[in-house]
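> My questions will all concern the structure given below.
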Amino acid sequence: MTLTTALGLMSGTSMDGIDVAAMRTDGESTVERGPSLFMPYDDAFRSRVETALQTAKAIKQRDERPGDLAELERDLTLRHAEAVAAFLAKYPGWEPDLIGFHGQTVLHRPAEGLTVQLGDGALLAQRTGTRVVYDMRAADMLAGGQGAPLVPAYHAALAKSLSDAYRKTPTVFVNIGGISNVTYVPASGDPVAFDSGPGNQLIDQWMQREGGLAYDADGAAASKGSVHQSVVDSYLQLPFFAQPAPKSLDRSDFDLSGVTGRTLNDGARTLAALAAEAVFAARKQMPDTPKLWILCGGGRKNPHIAGDLRRLVQNTDGEVLAAEDVGLDGDATEAEAWAYLAVRSARGLPLTWPTTTGCRQPTTGGVLVQP
């Protein structure tokens with residue numbers, strides 16, 4: 001099988017910028033990971049994206065762009081084109097055959113079969129001169145799925161690519177972004193995946209509201225705080241945690257009401273504990289107890305989330321390792337996934353399975369546009 005050189009572009013629920021990652025892959029078992037680059041959003045643009053989450057609540061049909069969303073979609077797409085140009089200026093040997101474009105999720109309501117990612121694939125193809133696959137979630141929803149998570153197809157390929165020292169089954173990939181999701185990879189068969197709960201999102205919102213900071217860098221505020229276990233427990237009683245998998249979340253599904261009135265430091269520490277316990281609680285919906293948990297996403301850098309999860313997992317004879325510990329790049333994993341998924345989409349291969357999103361049958365997806 002000929003390998004395709006692909007770039008993945010990801011702007012996630014943390015809304016902090018654009019990750020670009022390259023790979024050569026057949027969209028199946030062969031994955032040759034390339035370099036990556038992060039282009040941060042400036043504060044003014046990030047503020048526009050955050051405002052868009054409120055504007056998007058009025059959307060009833062996925063092609064609607066109320067308020068200034070059409071203008072934001074164009075500006076966001078042009079920023080992605082700039083990110084591609086910056087990447088290729090730095091890594092000219094990775095000129096892509098194909099780009100996987102996630103766009104920016106501004107609304108995700110799986111119960112209504114509605115998911116909206118801002119991003120104009122045709123404009124991006126025109127600006128980059130490269131074929132683009134975008135809008136990869138919608139087909140899954142039409143097939144009865146949640147439209148998320150989509151990264152499990154890539155996690156399953158990564159699990160097979162690990163060195164013998166780390167090839168333990170079952171393995172769970174934990175992506176701690178604004179929202180956390182888990183992918184359970186068994187020794188054989190399809191992966192099992194679902195959103196597990198809040199990741200960095202509540203901590204970021206708390207730090208912005210109470211401390212005027214974008215996030216809790218290196219868990220500094222949490223280091224001076226204490227866990228209010230009763231608050232963690234009350235969050236874990238919310239209906240989402242009792243729902244059977246597969247399941248997915250929107251950013252607005254959790255709020256700060258549980259920590260309101262706490263000190264800045266106690267709130268940050270308590271929300272970090274919640275992020276860890278929500279991930280650990282996900283094991284109850286997995287077919288077997290994981291032997292290895294691999295942490296990806298920005299939340300793996302929060303020492304309290306990672307440390308709390310390690311302590312919890314120790315009691316199950318499992319092991320928690322950061323992506324880098326097993327030879328992966330935890331910052332680039334999602335962008336890499338979008339490159340991998342673009343190749344699968346172009347080949348008509350499934351992006352989702354009943355065990356990952358609840359779709360009725362293995363389902364491909366995405367829209368392919370020519371430059």
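Residues are referred to by chain and number: the chain letter is A, B, ... according to the order shown in the structure tokens, the number counts from 1 in that chain, and ligands are numbered separately from 1 in the order shown.
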Find the residues near segment 131-139 of chain A: any atom within 6 Å, counting only C-alpha atoms, skip ones fewer than 3 places away on the same chain, and give them as a count of residues only.
16
> Pick out the residues sitting within 12 Å of Ser36 of chain A, and hand them over as number ranges by chain; count only C-alpha atoms, and ignore anything fewer than 4 positions along from it in its own chain.
A: 6-10, 18-23, 83-84, 86-88, 90-91, 94, 328-336, 339
> If you keep N, CA, C and O atoms, can you produce a file of those selected residues as a tab-separated table (two decimals), in the first residue's frame?

```tsv
chain	number	residue	atom	x	y	z
A	6	ALA	N	0.30	13.29	4.98
A	6	ALA	CA	-0.87	14.06	5.40
A	6	ALA	C	-0.50	14.99	6.54
A	6	ALA	O	0.35	14.68	7.39
A	7	LEU	N	-1.18	16.14	6.56
A	7	LEU	CA	-1.10	17.06	7.69
A	7	LEU	C	-2.43	17.04	8.42
A	7	LEU	O	-3.49	17.04	7.78
A	8	GLY	N	-2.37	17.03	9.75
A	8	GLY	CA	-3.57	17.15	10.56
A	8	GLY	C	-3.59	18.51	11.23
A	8	GLY	O	-2.56	18.97	11.75
A	9	LEU	N	-4.76	19.17	11.22
A	9	LEU	CA	-4.93	20.49	11.85
A	9	LEU	C	-6.00	20.37	12.92
A	9	LEU	O	-7.13	19.99	12.64
A	10	MET	N	-5.64	20.73	14.14
A	10	MET	CA	-6.57	20.55	15.26
A	10	MET	C	-6.64	21.80	16.12
A	10	MET	O	-5.60	22.33	16.53
A	18	ILE	N	-3.72	26.39	17.24
A	18	ILE	CA	-3.80	25.35	16.20
A	18	ILE	C	-2.58	24.44	16.29
A	18	ILE	O	-1.44	24.91	16.27
A	19	ASP	N	-2.84	23.15	16.41
A	19	ASP	CA	-1.79	22.15	16.33
A	19	ASP	C	-1.71	21.62	14.91
A	19	ASP	O	-2.74	21.27	14.31
A	20	VAL	N	-0.50	21.56	14.38
A	20	VAL	CA	-0.25	20.99	13.05
A	20	VAL	C	0.69	19.80	13.24
A	20	VAL	O	1.69	19.91	13.94
A	21	ALA	N	0.35	18.67	12.64
A	21	ALA	CA	1.22	17.49	12.74
A	21	ALA	C	1.21	16.75	11.42
A	21	ALA	O	0.20	16.71	10.72
A	22	ALA	N	2.37	16.16	11.09
A	22	ALA	CA	2.53	15.46	9.82
A	22	ALA	C	2.74	13.98	10.04
A	22	ALA	O	3.25	13.55	11.09
A	23	MET	N	2.33	13.20	9.06
A	23	MET	CA	2.63	11.77	9.08
A	23	MET	C	2.56	11.20	7.67
A	23	MET	O	1.99	11.81	6.76
A	83	ALA	N	-1.08	28.62	9.45
A	83	ALA	CA	-0.39	27.59	10.24
A	83	ALA	C	0.27	26.56	9.32
A	83	ALA	O	1.40	26.10	9.58
A	84	VAL	N	-0.42	26.19	8.24
A	84	VAL	CA	0.16	25.25	7.27
A	84	VAL	C	1.40	25.86	6.64
A	84	VAL	O	2.45	25.20	6.51
A	86	ALA	N	3.37	28.18	7.85
A	86	ALA	CA	4.44	28.25	8.85
A	86	ALA	C	5.09	26.88	9.05
A	86	ALA	O	6.32	26.76	9.18
A	87	PHE	N	4.26	25.85	9.05
A	87	PHE	CA	4.78	24.49	9.22
A	87	PHE	C	5.69	24.11	8.05
A	87	PHE	O	6.79	23.59	8.24
A	88	LEU	N	5.23	24.38	6.83
A	88	LEU	CA	6.00	23.97	5.65
A	88	LEU	C	7.26	24.81	5.48
A	88	LEU	O	8.26	24.34	4.92
A	90	LYS	N	9.06	25.64	7.95
A	90	LYS	CA	9.99	25.03	8.91
A	90	LYS	C	10.36	23.60	8.52
A	90	LYS	O	11.48	23.14	8.76
A	91	TYR	N	9.39	22.88	7.92
A	91	TYR	CA	9.60	21.47	7.56
A	91	TYR	C	9.25	21.25	6.08
A	91	TYR	O	8.24	20.60	5.76
A	94	TRP	N	7.91	17.94	4.18
A	94	TRP	CA	6.64	17.30	4.52
A	94	TRP	C	5.48	17.91	3.75
A	94	TRP	O	4.37	18.02	4.25
A	328	LEU	N	5.82	8.65	22.24
A	328	LEU	CA	4.84	9.42	21.48
A	328	LEU	C	4.94	10.90	21.86
A	328	LEU	O	5.67	11.26	22.77
A	329	ASP	N	4.18	11.74	21.16
A	329	ASP	CA	4.14	13.17	21.44
A	329	ASP	C	2.74	13.52	21.91
A	329	ASP	O	1.81	13.59	21.11
A	330	GLY	N	2.59	13.72	23.21
A	330	GLY	CA	1.27	13.94	23.78
A	330	GLY	C	0.60	15.23	23.36
A	330	GLY	O	-0.62	15.37	23.44
A	331	ASP	N	1.40	16.22	22.89
A	331	ASP	CA	0.81	17.46	22.41
A	331	ASP	C	0.26	17.31	21.00
A	331	ASP	O	-0.65	18.02	20.61
A	332	ALA	N	0.87	16.42	20.22
A	332	ALA	CA	0.54	16.33	18.80
A	332	ALA	C	-0.45	15.22	18.48
A	332	ALA	O	-0.88	15.10	17.32
A	333	THR	N	-0.82	14.41	19.46
A	333	THR	CA	-1.59	13.20	19.16
A	333	THR	C	-2.89	13.49	18.43
A	333	THR	O	-3.24	12.81	17.45
A	334	GLU	N	-3.64	14.51	18.88
A	334	GLU	CA	-4.93	14.78	18.22
A	334	GLU	C	-4.73	15.29	16.80
A	334	GLU	O	-5.48	14.92	15.89
A	335	ALA	N	-3.76	16.18	16.59
A	335	ALA	CA	-3.50	16.66	15.23
A	335	ALA	C	-3.04	15.51	14.34
A	335	ALA	O	-3.46	15.39	13.18
A	336	GLU	N	-2.17	14.63	14.89
A	336	GLU	CA	-1.76	13.43	14.13
A	336	GLU	C	-2.99	12.60	13.76
A	336	GLU	O	-3.08	12.08	12.64
A	339	ALA	N	-4.71	13.83	10.70
A	339	ALA	CA	-4.01	13.44	9.48
A	339	ALA	C	-4.35	11.99	9.12
A	339	ALA	O	-4.68	11.67	7.97
```
> Of the candidates A:Ala56, A:Ala242, A:Ala156, A:Ile179, which one gets nearest to Ser14 of chain A if we count only C-alpha atoms?
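The answer is A:Ile179, which sits nearest to Ser14 of chain A.
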> Assign secondary structure with DSSP using the backbone only, and return the residues of segment 41-250 of chain A in strand (DSSP E) as number ranges by chain.
A: 98-109, 114-118, 131-134, 171-176, 179-185, 192-198
> Name the residues in contact with Thr357 of chain A at a cut-off of 8 Å, using only C-alpha atoms, excluding same-chain residues fewer than 2 positions from it; report them as a list of chain:residue names.
A:Asp140, A:Gly145, A:Gln146, A:Gly147, A:Ala148, A:Pro149, A:Ala193, A:Phe194, A:Pro246, A:Lys247, A:Thr352, A:Trp353, A:Pro354, A:Thr355, A:Cys359
> Could you check which of A:Leu264, A:Ala323, A:Leu351, A:Val31 is closest to Ala157 of chain A, using only C-alpha atoms?
A:Val31
> With distances taken over only C-alpha atoms, which of A:Asn265, A:Gln243, A:Thr169, A:Thr115 is nearest to Glu319 of chain A?
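Result for the nearest residue to Glu319 of chain A: A:Thr169.
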> Might you pull out every residue within 9 Å of Thr128 of chain A, with only C-alpha atoms counted and same-chain residues fewer than 4 positions away left off, and present them as a ChimeraX atom specification?
/A:81-82,84-85,123-124,371
> Run DSSP on the backbone and tell me which residues of segment 100-249 of chain A come out as alpha helix (DSSP H); list them as a count of residues only.
45
> Can you tell me which residues surround Ser29 of chain A at a distance of at most 10 Å, considering only C-alpha atoms, apart from same-chain residues fewer than 5 positions away, and format the answer as a list of chain:residue names?
A:Tyr154, A:Ala156, A:Ala157, A:Leu158, A:Ala159, A:Lys160, A:Ser161
> Mind writing the picked residues with C-alpha atoms as a CSV table (one decimal), in the first residue's frame?

```
chain,number,residue,atom,x,y,z
A,154,TYR,CA,-5.7,6.4,15.5
A,156,ALA,CA,-5.8,1.7,18.0
A,157,ALA,CA,-3.1,2.1,15.3
A,158,LEU,CA,-0.7,3.7,17.9
A,159,ALA,CA,-1.2,0.8,20.3
A,160,LYS,CA,0.0,-1.6,17.7
A,161,SER,CA,3.0,0.6,17.0
```
> Rank A:Ser252, A:Thr171, A:Gln361, A:Gly212 by their smallest atom-to-atom distance to Leu53 of chain A, using only C-alpha atoms, and report the top residue only.
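For Leu53 of chain A, the nearest of the given residues is A:Ser252.
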> Excluding Leu3 of chain A and residues on its chain fewer than 6 positions from it, collect all residues at most 6 Å away from it, counting only C-alpha atoms, and give them as a tab-separated table (two decimals) with C-alpha atoms, in the first residue's frame.

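See part11.tsv below for the written result:
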```
chain	number	residue	atom	x	y	z
A	24	ARG	CA	2.97	9.24	6.33
A	25	THR	CA	0.40	6.48	6.59
A	26	ASP	CA	-1.74	3.99	4.73
```
> Might you pull out every residue within 12 Å of segment 253-258 of chain A, with only C-alpha atoms counted and same-chain residues fewer than 2 positions away left off, and present them as a tab-separated table (two decimals) with C-alpha atoms, in the first residue's frame?

```tsv
chain	number	residue	atom	x	y	z
A	107	LEU	CA	-21.72	23.34	19.35
A	108	HIS	CA	-22.03	19.63	20.08
A	109	ARG	CA	-25.46	18.25	20.99
A	110	PRO	CA	-25.43	14.53	20.27
A	178	GLY	CA	-10.78	20.78	27.70
A	179	ILE	CA	-12.88	17.62	27.90
A	195	ASP	CA	-15.83	11.14	26.70
A	197	GLY	CA	-15.70	14.10	31.88
A	198	PRO	CA	-14.15	17.54	32.32
A	199	GLY	CA	-10.40	17.83	31.74
A	200	ASN	CA	-8.73	21.25	31.78
A	201	GLN	CA	-11.84	23.19	30.86
A	202	LEU	CA	-13.23	23.85	34.34
A	203	ILE	CA	-9.76	24.61	35.74
A	204	ASP	CA	-9.16	27.13	32.93
A	205	GLN	CA	-12.56	28.76	33.45
A	206	TRP	CA	-11.93	28.92	37.20
A	207	MET	CA	-8.51	30.52	36.79
A	208	GLN	CA	-9.90	33.06	34.31
A	209	ARG	CA	-12.85	33.96	36.51
A	210	GLU	CA	-11.18	33.98	39.92
A	228	HIS	CA	-12.65	19.31	48.79
A	229	GLN	CA	-13.64	15.69	48.30
A	230	SER	CA	-17.35	16.39	48.90
A	231	VAL	CA	-17.28	18.73	45.87
A	232	VAL	CA	-15.59	16.10	43.70
A	233	ASP	CA	-18.15	13.52	44.83
A	234	SER	CA	-21.06	15.83	44.03
A	235	TYR	CA	-19.79	16.38	40.48
A	236	LEU	CA	-19.39	12.61	40.04
A	237	GLN	CA	-23.07	12.18	40.97
A	238	LEU	CA	-24.16	14.16	37.89
A	239	PRO	CA	-26.25	12.10	35.42
A	240	PHE	CA	-23.52	12.04	32.75
A	241	PHE	CA	-21.35	9.67	34.78
A	248	SER	CA	-19.90	12.54	24.45
A	249	LEU	CA	-19.91	15.99	26.01
A	250	ASP	CA	-20.32	19.62	25.04
A	251	ARG	CA	-18.24	22.27	26.83
A	260	THR	CA	-18.14	28.62	43.72
A	261	GLY	CA	-17.20	30.18	47.06
A	262	ARG	CA	-13.94	28.25	47.43
A	266	ASP	CA	-8.68	25.13	46.63
A	267	GLY	CA	-10.88	25.42	43.54
A	268	ALA	CA	-7.95	24.67	41.22
A	270	THR	CA	-10.36	20.29	43.63
A	271	LEU	CA	-11.05	20.56	39.90
A	274	LEU	CA	-12.18	15.86	39.65
A	275	ALA	CA	-10.45	15.55	36.26
```
> Quick check, in Å to one decimal: how far apart do atom CA of Arg310 of chain A and atom CA of Ser188 of chain A lie?
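So the two atoms, atom CA of Arg310 of chain A and atom CA of Ser188 of chain A, lie 25.9 Å apart.
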> If you measure from atom CA of Ala52 of chain A to atom CA of Val259 of chain A, what distance in Å do you get, rounded to one decimal?
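Computing the Euclidean distance for atom CA of Ala52 of chain A and atom CA of Val259 of chain A yields 25.1 Å.
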> From the options A:Thr364, A:Thr263, A:Thr316, A:Thr183, which residue's atoms come nearest to Met286 of chain A, counting only C-alpha atoms?
A:Thr183
> Considering only C-alpha atoms, can you say which of A:Ala346, A:Val151, A:Ala273, A:Ala165 comes closest to Gly297 of chain A?
A:Val151
> Atom CA of Asp218 of chain A to atom CA of Asn302 of chain A: how many Å, to one decimal?
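For atom CA of Asp218 of chain A relative to atom CA of Asn302 of chain A, the distance reads 5.5 Å.
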